[in-house]
Amino acid sequence: MAVEADKGVEKLEDVIVRSAEQVAEQIRAARDAISTVIFGQHRVVENTLVTILSGGHALLIGVPGLAKTKLVETLGVTLGLDAKRVQFTPDLMPSDILGAEVLDESSAGKRSFRFIAGPVFAQLLMADEINRASPRTQSALLQAMQEQHITVAGARHDLPKPFHVLATQNPLEQEGTYPLPEAQLDRFLMEIDVDYPDRDAERRILFETTGAEETLAKAAMNADVVLAAQRLVRRLPVGDSVVEAILSLVRSARPGPESGDVGKLIAWGPGPRASQSLMLAVRARALLDGRLAPSIDDVLDLAEPVLKHRMALTFSARAEGRTISDVIGQLKTRIG
């Protein structure tokens, strides 16, 4: 019986290996397809794909004109997902995103309510400048992100699967904005900084985007493959050393005895959802690279985008010029 059990385990491992190889190949094809349209943002593209493979949502932070909208459009085409975009403004109402019930009258004179679905019923939703909407509208979207369904007039409406939100924020303009509360920021698996492209990438942008013909994205995956990849991510094994590294890093990012001297700089830190997010993200990154298990390097590389929107520094630390990135870098040296 023990031999048969071992054979069963071996067969399961073979299935996982075979599935991982197939999915990794498709993901690499998708990443290559994205690179034909988005230039000079390798880390941003990688972290966004990791977020989607993890089944989460991402917050893209960057000044205007860095192809954030273009990235979401390209991801929708490349991954074969139904993508929609909402421009957030102060007068946007929850019904503008979720949908609403309208009163219909038939030719026979019978009246009934009919639900008209809003743009949230998409597989990939871009929430452009999410901090420009009122807290009421923000909370309606973020509840949908967390619960994967909405309720209108007492009726539940499930969102499509997969469902991902890629929200953007402009770090420059603060007038007419409503910053996301910490509890709502925690719904985002990652905060991804979109920086300026380097010189070579910008040179390529000049030629590729101002010519007579524009390069268009091509489909490399579909929604079923994305869902299969997300299920596979959760089945990848994680070594004890990686688990301990995740626990040590997240727990040391909180004020308390485990953070040591760094704890004096931290006002509040990440909760268990950060550990869960980092656990999924390192698995997804391993799969993206064609590996069957994550490493401590994955933990170190993904620590900042997973943790920095889930913690804050004390007033004295900010007065001294310390930043969250500095503190996370200091914490990473303990496990690096």
# chains A, B, ... in the order shown; residues from 1 in each chain; ligands from 1
call {"tool": "residues_around", "arguments": {"residues": "A:Asn47", "least_positions_apart": "6", "cutoff": "9 Å", "atoms": "only C-alpha atoms", "output": "PyMOL selection string"}}
result
chain A and resi 58+190+192+281+285+302+305
call {"tool": "select_by_dssp", "arguments": {"residues": "stretch 172-318 of chain A", "states": "strand (DSSP E)", "output": "VMD selection string"}}
result
chain A and resid 190 to 193 266 to 268 312 to 313
call {"tool": "closest_atom_pairs", "arguments": {"of": "stretch 201-255 of chain A", "to": "stretch 63-82 of chain A", "cutoff": "9 Å", "atoms": "only C-alpha atoms", "output": "JSON lines"}}
result
{"residue": "A:Leu216", "atom": "CA", "partner": "A:Thr74", "partner_atom": "CA", "distance": 8.3}
{"residue": "A:Ala217", "atom": "CA", "partner": "A:Thr74", "partner_atom": "CA", "distance": 5.9}
{"residue": "A:Lys218", "atom": "CA", "partner": "A:Thr78", "partner_atom": "CA", "distance": 5.5}
{"residue": "A:Ala219", "atom": "CA", "partner": "A:Thr78", "partner_atom": "CA", "distance": 4.1}
{"residue": "A:Ala220", "atom": "CA", "partner": "A:Thr78", "partner_atom": "CA", "distance": 5.2}
{"residue": "A:Met221", "atom": "CA", "partner": "A:Leu79", "partner_atom": "CA", "distance": 4.6}
{"residue": "A:Asn222", "atom": "CA", "partner": "A:Gly80", "partner_atom": "CA", "distance": 4.1}
{"residue": "A:Ala223", "atom": "CA", "partner": "A:Leu81", "partner_atom": "CA", "distance": 5.7}
{"residue": "A:Val225", "atom": "CA", "partner": "A:Leu79", "partner_atom": "CA", "distance": 8.6}
{"residue": "A:Val226", "atom": "CA", "partner": "A:Leu79", "partner_atom": "CA", "distance": 7.3}
call {"tool": "closest_residue", "arguments": {"among": "A:Ala253, A:Leu227, A:Ala212, A:Leu180", "to": "A:Ser54", "atoms": "only C-alpha atoms"}}
result
A:Leu227
call {"tool": "residues_around", "arguments": {"residues": "A:Thr48", "least_positions_apart": "2", "cutoff": "9 Å", "atoms": "only C-alpha atoms", "output": "PyMOL selection string"}}
result
chain A and resi 43-46+50-53+57-58+60+166+190+192
call {"tool": "write_last_selection", "arguments": {"atoms": "N, CA and C atoms", "output": "short mmCIF file (atom, residue, chain, number, x, y, z; two decimals), in the first residue's frame"}}
result
data_model
loop_
_atom_site.label_atom_id
_atom_site.label_comp_id
_atom_site.auth_asym_id
_atom_site.auth_seq_id
_atom_site.Cartn_x
_atom_site.Cartn_y
_atom_site.Cartn_z
N ARG A 43 10.28 45.53 -15.25
CA ARG A 43 9.90 45.20 -13.87
C ARG A 43 8.41 45.44 -13.64
N VAL A 44 7.87 46.50 -14.23
CA VAL A 44 6.44 46.80 -14.07
C VAL A 44 5.60 45.69 -14.70
N VAL A 45 5.97 45.27 -15.91
CA VAL A 45 5.23 44.21 -16.60
C VAL A 45 5.31 42.91 -15.79
N GLU A 46 6.51 42.60 -15.30
CA GLU A 46 6.70 41.37 -14.53
C GLU A 46 5.84 41.37 -13.27
N VAL A 50 2.74 38.95 -12.25
CA VAL A 50 2.78 38.21 -10.98
C VAL A 50 1.49 38.45 -10.20
N THR A 51 1.02 39.70 -10.20
CA THR A 51 -0.23 40.03 -9.50
C THR A 51 -1.40 39.26 -10.08
N ILE A 52 -1.50 39.22 -11.40
CA ILE A 52 -2.61 38.52 -12.04
C ILE A 52 -2.51 37.02 -11.82
N LEU A 53 -1.33 36.45 -11.92
CA LEU A 53 -1.15 35.02 -11.67
C LEU A 53 -1.48 34.67 -10.22
N HIS A 57 -4.96 42.15 -7.15
CA HIS A 57 -5.13 43.45 -7.78
C HIS A 57 -3.88 44.29 -7.53
N ALA A 58 -3.63 45.25 -8.42
CA ALA A 58 -2.42 46.06 -8.30
C ALA A 58 -2.75 47.54 -8.38
N LEU A 60 -0.99 50.97 -9.56
CA LEU A 60 0.12 51.49 -10.35
C LEU A 60 0.30 52.97 -10.03
N LEU A 166 -6.72 46.84 -11.93
CA LEU A 166 -5.44 47.56 -11.98
C LEU A 166 -5.78 49.04 -11.86
N MET A 190 -0.25 44.33 -4.64
CA MET A 190 1.02 45.05 -4.83
C MET A 190 0.77 46.52 -5.13
N ILE A 192 2.82 49.06 -7.40
CA ILE A 192 3.89 49.00 -8.40
C ILE A 192 4.23 50.41 -8.86
#
call {"tool": "closest_residue", "arguments": {"among": "A:Leu141, A:Ala133, A:Arg199, A:Gly56", "to": "A:Lys161", "atoms": "only C-alpha atoms"}}
result
A:Gly56
call {"tool": "closest_atom_pairs", "arguments": {"of": "stretch 229-291 of chain A", "to": "stretch 315-330 of chain A", "cutoff": "12 Å", "atoms": "only C-alpha atoms", "output": "JSON lines"}}
result
{"residue": "A:Leu249", "atom": "CA", "partner": "A:Ile328", "partner_atom": "CA", "distance": 8.6}
{"residue": "A:Val250", "atom": "CA", "partner": "A:Ile328", "partner_atom": "CA", "distance": 9.7}
{"residue": "A:Arg251", "atom": "CA", "partner": "A:Ile328", "partner_atom": "CA", "distance": 11.8}
{"residue": "A:Ser252", "atom": "CA", "partner": "A:Ile328", "partner_atom": "CA", "distance": 9.5}
{"residue": "A:Ala253", "atom": "CA", "partner": "A:Ile328", "partner_atom": "CA", "distance": 7.4}
{"residue": "A:Arg254", "atom": "CA", "partner": "A:Ile328", "partner_atom": "CA", "distance": 11.0}
{"residue": "A:Ser259", "atom": "CA", "partner": "A:Gln330", "partner_atom": "CA", "distance": 10.5}
{"residue": "A:Gly260", "atom": "CA", "partner": "A:Gln330", "partner_atom": "CA", "distance": 11.4}
{"residue": "A:Asp261", "atom": "CA", "partner": "A:Gln330", "partner_atom": "CA", "distance": 10.7}
{"residue": "A:Val262", "atom": "CA", "partner": "A:Val327", "partner_atom": "CA", "distance": 7.2}
{"residue": "A:Gly263", "atom": "CA", "partner": "A:Val327", "partner_atom": "CA", "distance": 9.5}
{"residue": "A:Lys264", "atom": "CA", "partner": "A:Ala317", "partner_atom": "CA", "distance": 8.2}
{"residue": "A:Leu265", "atom": "CA", "partner": "A:Ala317", "partner_atom": "CA", "distance": 5.2}
{"residue": "A:Ile266", "atom": "CA", "partner": "A:Ala317", "partner_atom": "CA", "distance": 7.9}
{"residue": "A:Ala267", "atom": "CA", "partner": "A:Phe315", "partner_atom": "CA", "distance": 8.2}
{"residue": "A:Trp268", "atom": "CA", "partner": "A:Ile324", "partner_atom": "CA", "distance": 11.5}
{"residue": "A:Gly269", "atom": "CA", "partner": "A:Ile324", "partner_atom": "CA", "distance": 10.7}
{"residue": "A:Pro270", "atom": "CA", "partner": "A:Ile328", "partner_atom": "CA", "distance": 11.7}
call {"tool": "write_last_selection", "arguments": {"atoms": "N, CA, C and O atoms", "output": "compact mmCIF listing (two decimals), in the first residue's frame"}}
result
# COMPACT_ATOMS: atom_id res chain seq x y z
N LEU A 249 10.31 38.51 7.59
CA LEU A 249 10.26 39.83 6.96
C LEU A 249 8.99 40.58 7.35
O LEU A 249 9.04 41.75 7.76
N VAL A 250 7.84 39.93 7.23
CA VAL A 250 6.57 40.61 7.51
C VAL A 250 6.45 40.95 8.99
O VAL A 250 6.03 42.05 9.36
N ARG A 251 6.83 40.02 9.84
CA ARG A 251 6.69 40.27 11.28
C ARG A 251 7.67 41.34 11.77
O ARG A 251 7.36 42.09 12.70
N SER A 252 8.83 41.43 11.12
CA SER A 252 9.79 42.47 11.52
C SER A 252 9.41 43.84 10.99
O SER A 252 9.99 44.85 11.40
N ALA A 253 8.41 43.90 10.09
CA ALA A 253 7.94 45.19 9.56
C ALA A 253 6.85 45.80 10.43
O ALA A 253 6.25 46.80 10.05
N ARG A 254 6.61 45.19 11.59
CA ARG A 254 5.61 45.71 12.53
C ARG A 254 6.32 46.27 13.75
O ARG A 254 7.39 45.78 14.13
N SER A 259 11.02 43.51 15.49
CA SER A 259 11.62 44.45 14.54
C SER A 259 12.89 45.08 15.07
O SER A 259 13.63 45.72 14.31
N GLY A 260 13.17 44.94 16.36
CA GLY A 260 14.40 45.49 16.93
C GLY A 260 14.41 47.01 16.89
O GLY A 260 13.38 47.67 17.10
N ASP A 261 15.57 47.59 16.59
CA ASP A 261 15.70 49.05 16.55
C ASP A 261 14.85 49.68 15.45
O ASP A 261 14.40 50.82 15.58
N VAL A 262 14.62 48.94 14.37
CA VAL A 262 13.83 49.47 13.26
C VAL A 262 12.38 49.71 13.70
O VAL A 262 11.70 50.58 13.15
N GLY A 263 11.93 48.99 14.71
CA GLY A 263 10.56 49.13 15.18
C GLY A 263 10.23 50.53 15.66
O GLY A 263 9.08 50.96 15.62
N LYS A 264 11.26 51.28 16.09
CA LYS A 264 11.03 52.63 16.57
C LYS A 264 10.64 53.57 15.42
O LYS A 264 10.08 54.64 15.65
N LEU A 265 10.94 53.15 14.19
CA LEU A 265 10.63 53.98 13.03
C LEU A 265 9.24 53.70 12.47
O LEU A 265 8.72 54.48 11.67
N ILE A 266 8.65 52.57 12.87
CA ILE A 266 7.40 52.11 12.25
C ILE A 266 6.21 52.46 13.12
O ILE A 266 6.15 52.10 14.29
N ALA A 267 5.23 53.18 12.53
CA ALA A 267 4.01 53.54 13.26
C ALA A 267 3.05 52.36 13.29
O ALA A 267 2.50 52.02 14.33
N TRP A 268 2.82 51.73 12.15
CA TRP A 268 2.01 50.51 12.06
C TRP A 268 2.50 49.70 10.87
O TRP A 268 3.07 50.23 9.93
N GLY A 269 2.29 48.39 10.94
CA GLY A 269 2.87 47.51 9.93
C GLY A 269 1.85 46.60 9.27
O GLY A 269 0.65 46.67 9.56
N PRO A 270 2.33 45.74 8.40
CA PRO A 270 1.43 44.86 7.63
C PRO A 270 0.83 43.76 8.48
O PRO A 270 1.45 43.25 9.41
call {"tool": "residues_around", "arguments": {"residues": "A:Arg231", "least_positions_apart": "6", "cutoff": "12 Å", "atoms": "only C-alpha atoms", "output": "PDB file with N, CA and C atoms, in the first residue's frame"}}
result
ATOM      1  N   ILE A  16       1.950  18.118 -11.938  1.00  0.00           N
ATOM      2  CA  ILE A  16       2.253  19.513 -11.605  1.00  0.00           C
ATOM      3  C   ILE A  16       3.419  20.024 -12.449  1.00  0.00           C
ATOM      4  N   SER A  19       2.251  20.483 -16.048  1.00  0.00           N
ATOM      5  CA  SER A  19       1.366  21.651 -16.144  1.00  0.00           C
ATOM      6  C   SER A  19       2.167  22.945 -16.016  1.00  0.00           C
ATOM      7  N   ALA A  20       3.127  22.933 -15.085  1.00  0.00           N
ATOM      8  CA  ALA A  20       3.944  24.128 -14.871  1.00  0.00           C
ATOM      9  C   ALA A  20       4.750  24.467 -16.108  1.00  0.00           C
ATOM     10  N   VAL A  23       2.282  25.926 -18.766  1.00  0.00           N
ATOM     11  CA  VAL A  23       1.804  27.253 -18.409  1.00  0.00           C
ATOM     12  C   VAL A  23       2.939  28.272 -18.488  1.00  0.00           C
ATOM     13  N   ILE A  52      -1.495  39.219 -11.402  1.00  0.00           N
ATOM     14  CA  ILE A  52      -2.614  38.523 -12.044  1.00  0.00           C
ATOM     15  C   ILE A  52      -2.515  37.022 -11.818  1.00  0.00           C
ATOM     16  N   LEU A  53      -1.326  36.455 -11.920  1.00  0.00           N
ATOM     17  CA  LEU A  53      -1.153  35.023 -11.670  1.00  0.00           C
ATOM     18  C   LEU A  53      -1.481  34.672 -10.219  1.00  0.00           C
ATOM     19  N   SER A  54      -1.286  35.640  -9.321  1.00  0.00           N
ATOM     20  CA  SER A  54      -1.607  35.415  -7.907  1.00  0.00           C
ATOM     21  C   SER A  54      -3.093  35.586  -7.632  1.00  0.00           C
ATOM     22  N   GLY A  55      -3.844  36.068  -8.634  1.00  0.00           N
ATOM     23  CA  GLY A  55      -5.273  36.284  -8.446  1.00  0.00           C
ATOM     24  C   GLY A  55      -5.601  37.576  -7.728  1.00  0.00           C
ATOM     25  N   PRO A 162     -11.573  35.204 -14.437  1.00  0.00           N
ATOM     26  CA  PRO A 162     -10.944  35.908 -13.313  1.00  0.00           C
ATOM     27  C   PRO A 162     -11.382  37.362 -13.260  1.00  0.00           C
ATOM     28  N   ASP A 224      -9.358  30.943 -19.625  1.00  0.00           N
ATOM     29  CA  ASP A 224      -9.261  29.597 -19.051  1.00  0.00           C
ATOM     30  C   ASP A 224      -7.813  29.268 -18.673  1.00  0.00           C
ATOM     31  N   VAL A 225      -6.878  29.675 -19.522  1.00  0.00           N
ATOM     32  CA  VAL A 225      -5.457  29.431 -19.228  1.00  0.00           C
ATOM     33  C   VAL A 225      -5.025  30.242 -18.010  1.00  0.00           C
ATOM     34  N   LEU A 280       1.812  34.038  -2.159  1.00  0.00           N
ATOM     35  CA  LEU A 280       1.296  33.811  -3.504  1.00  0.00           C
ATOM     36  C   LEU A 280       2.207  34.442  -4.556  1.00  0.00           C
ATOM     37  N   ARG A 283       5.391  32.450  -5.386  1.00  0.00           N
ATOM     38  CA  ARG A 283       5.055  31.277  -6.201  1.00  0.00           C
ATOM     39  C   ARG A 283       4.808  31.692  -7.653  1.00  0.00           C
ATOM     40  N   ALA A 284       4.044  32.779  -7.832  1.00  0.00           N
ATOM     41  CA  ALA A 284       3.731  33.243  -9.183  1.00  0.00           C
ATOM     42  C   ALA A 284       4.998  33.677  -9.915  1.00  0.00           C
ATOM     43  N   LEU A 287       6.832  30.642 -11.162  1.00  0.00           N
ATOM     44  CA  LEU A 287       6.183  30.087 -12.347  1.00  0.00           C
ATOM     45  C   LEU A 287       6.461  30.949 -13.567  1.00  0.00           C
TER      46      LEU A 287
END
call {"tool": "select_by_dssp", "arguments": {"residues": "stretch 112-314 of chain A", "states": "helix (DSSP H, G or I)", "output": "JSON, numbers by chain"}}
result
{"A": [130, 131, 132, 135, 136, 137, 138, 139, 140, 141, 142, 143, 144, 145, 146, 147, 182, 183, 184, 185, 199, 200, 201, 202, 203, 204, 205, 206, 207, 208, 209, 223, 224, 225, 226, 227, 228, 229, 230, 231, 232, 233, 240, 241, 242, 243, 244, 245, 246, 247, 248, 249, 250, 251, 252, 257, 258, 259, 260, 261, 262, 263, 264, 265, 272, 273, 274, 275, 276, 277, 278, 279, 280, 281, 282, 283, 284, 285, 286, 287, 288, 296, 297, 298, 299, 300, 301, 302, 303, 304, 305, 306, 307, 308, 309, 310]}
call {"tool": "atom_distance", "arguments": {"atom1": "atom CA of A:Ala312", "atom2": "atom CA of A:Pro135"}}
result
20.6 Å
call {"tool": "residues_around", "arguments": {"residues": "A:Leu125", "least_positions_apart": "3", "cutoff": "7 Å", "atoms": "only C-alpha atoms", "output": "mmCIF file with C-alpha atoms, in the first residue's frame"}}
result
data_model
loop_
_atom_site.group_PDB
_atom_site.id
_atom_site.type_symbol
_atom_site.label_atom_id
_atom_site.label_comp_id
_atom_site.auth_asym_id
_atom_site.auth_seq_id
_atom_site.Cartn_x
_atom_site.Cartn_y
_atom_site.Cartn_z
ATOM 1 C CA ALA A 83 -10.911 44.617 -20.316
ATOM 2 C CA LYS A 84 -12.764 47.825 -19.430
ATOM 3 C CA ARG A 85 -11.673 51.233 -18.208
ATOM 4 C CA VAL A 120 -17.147 46.351 -13.014
ATOM 5 C CA ALA A 122 -15.143 42.766 -16.643
ATOM 6 C CA HIS A 164 -8.655 41.825 -11.538
ATOM 7 C CA VAL A 165 -8.459 45.539 -10.887
ATOM 8 C CA LEU A 166 -5.441 47.557 -11.979
#
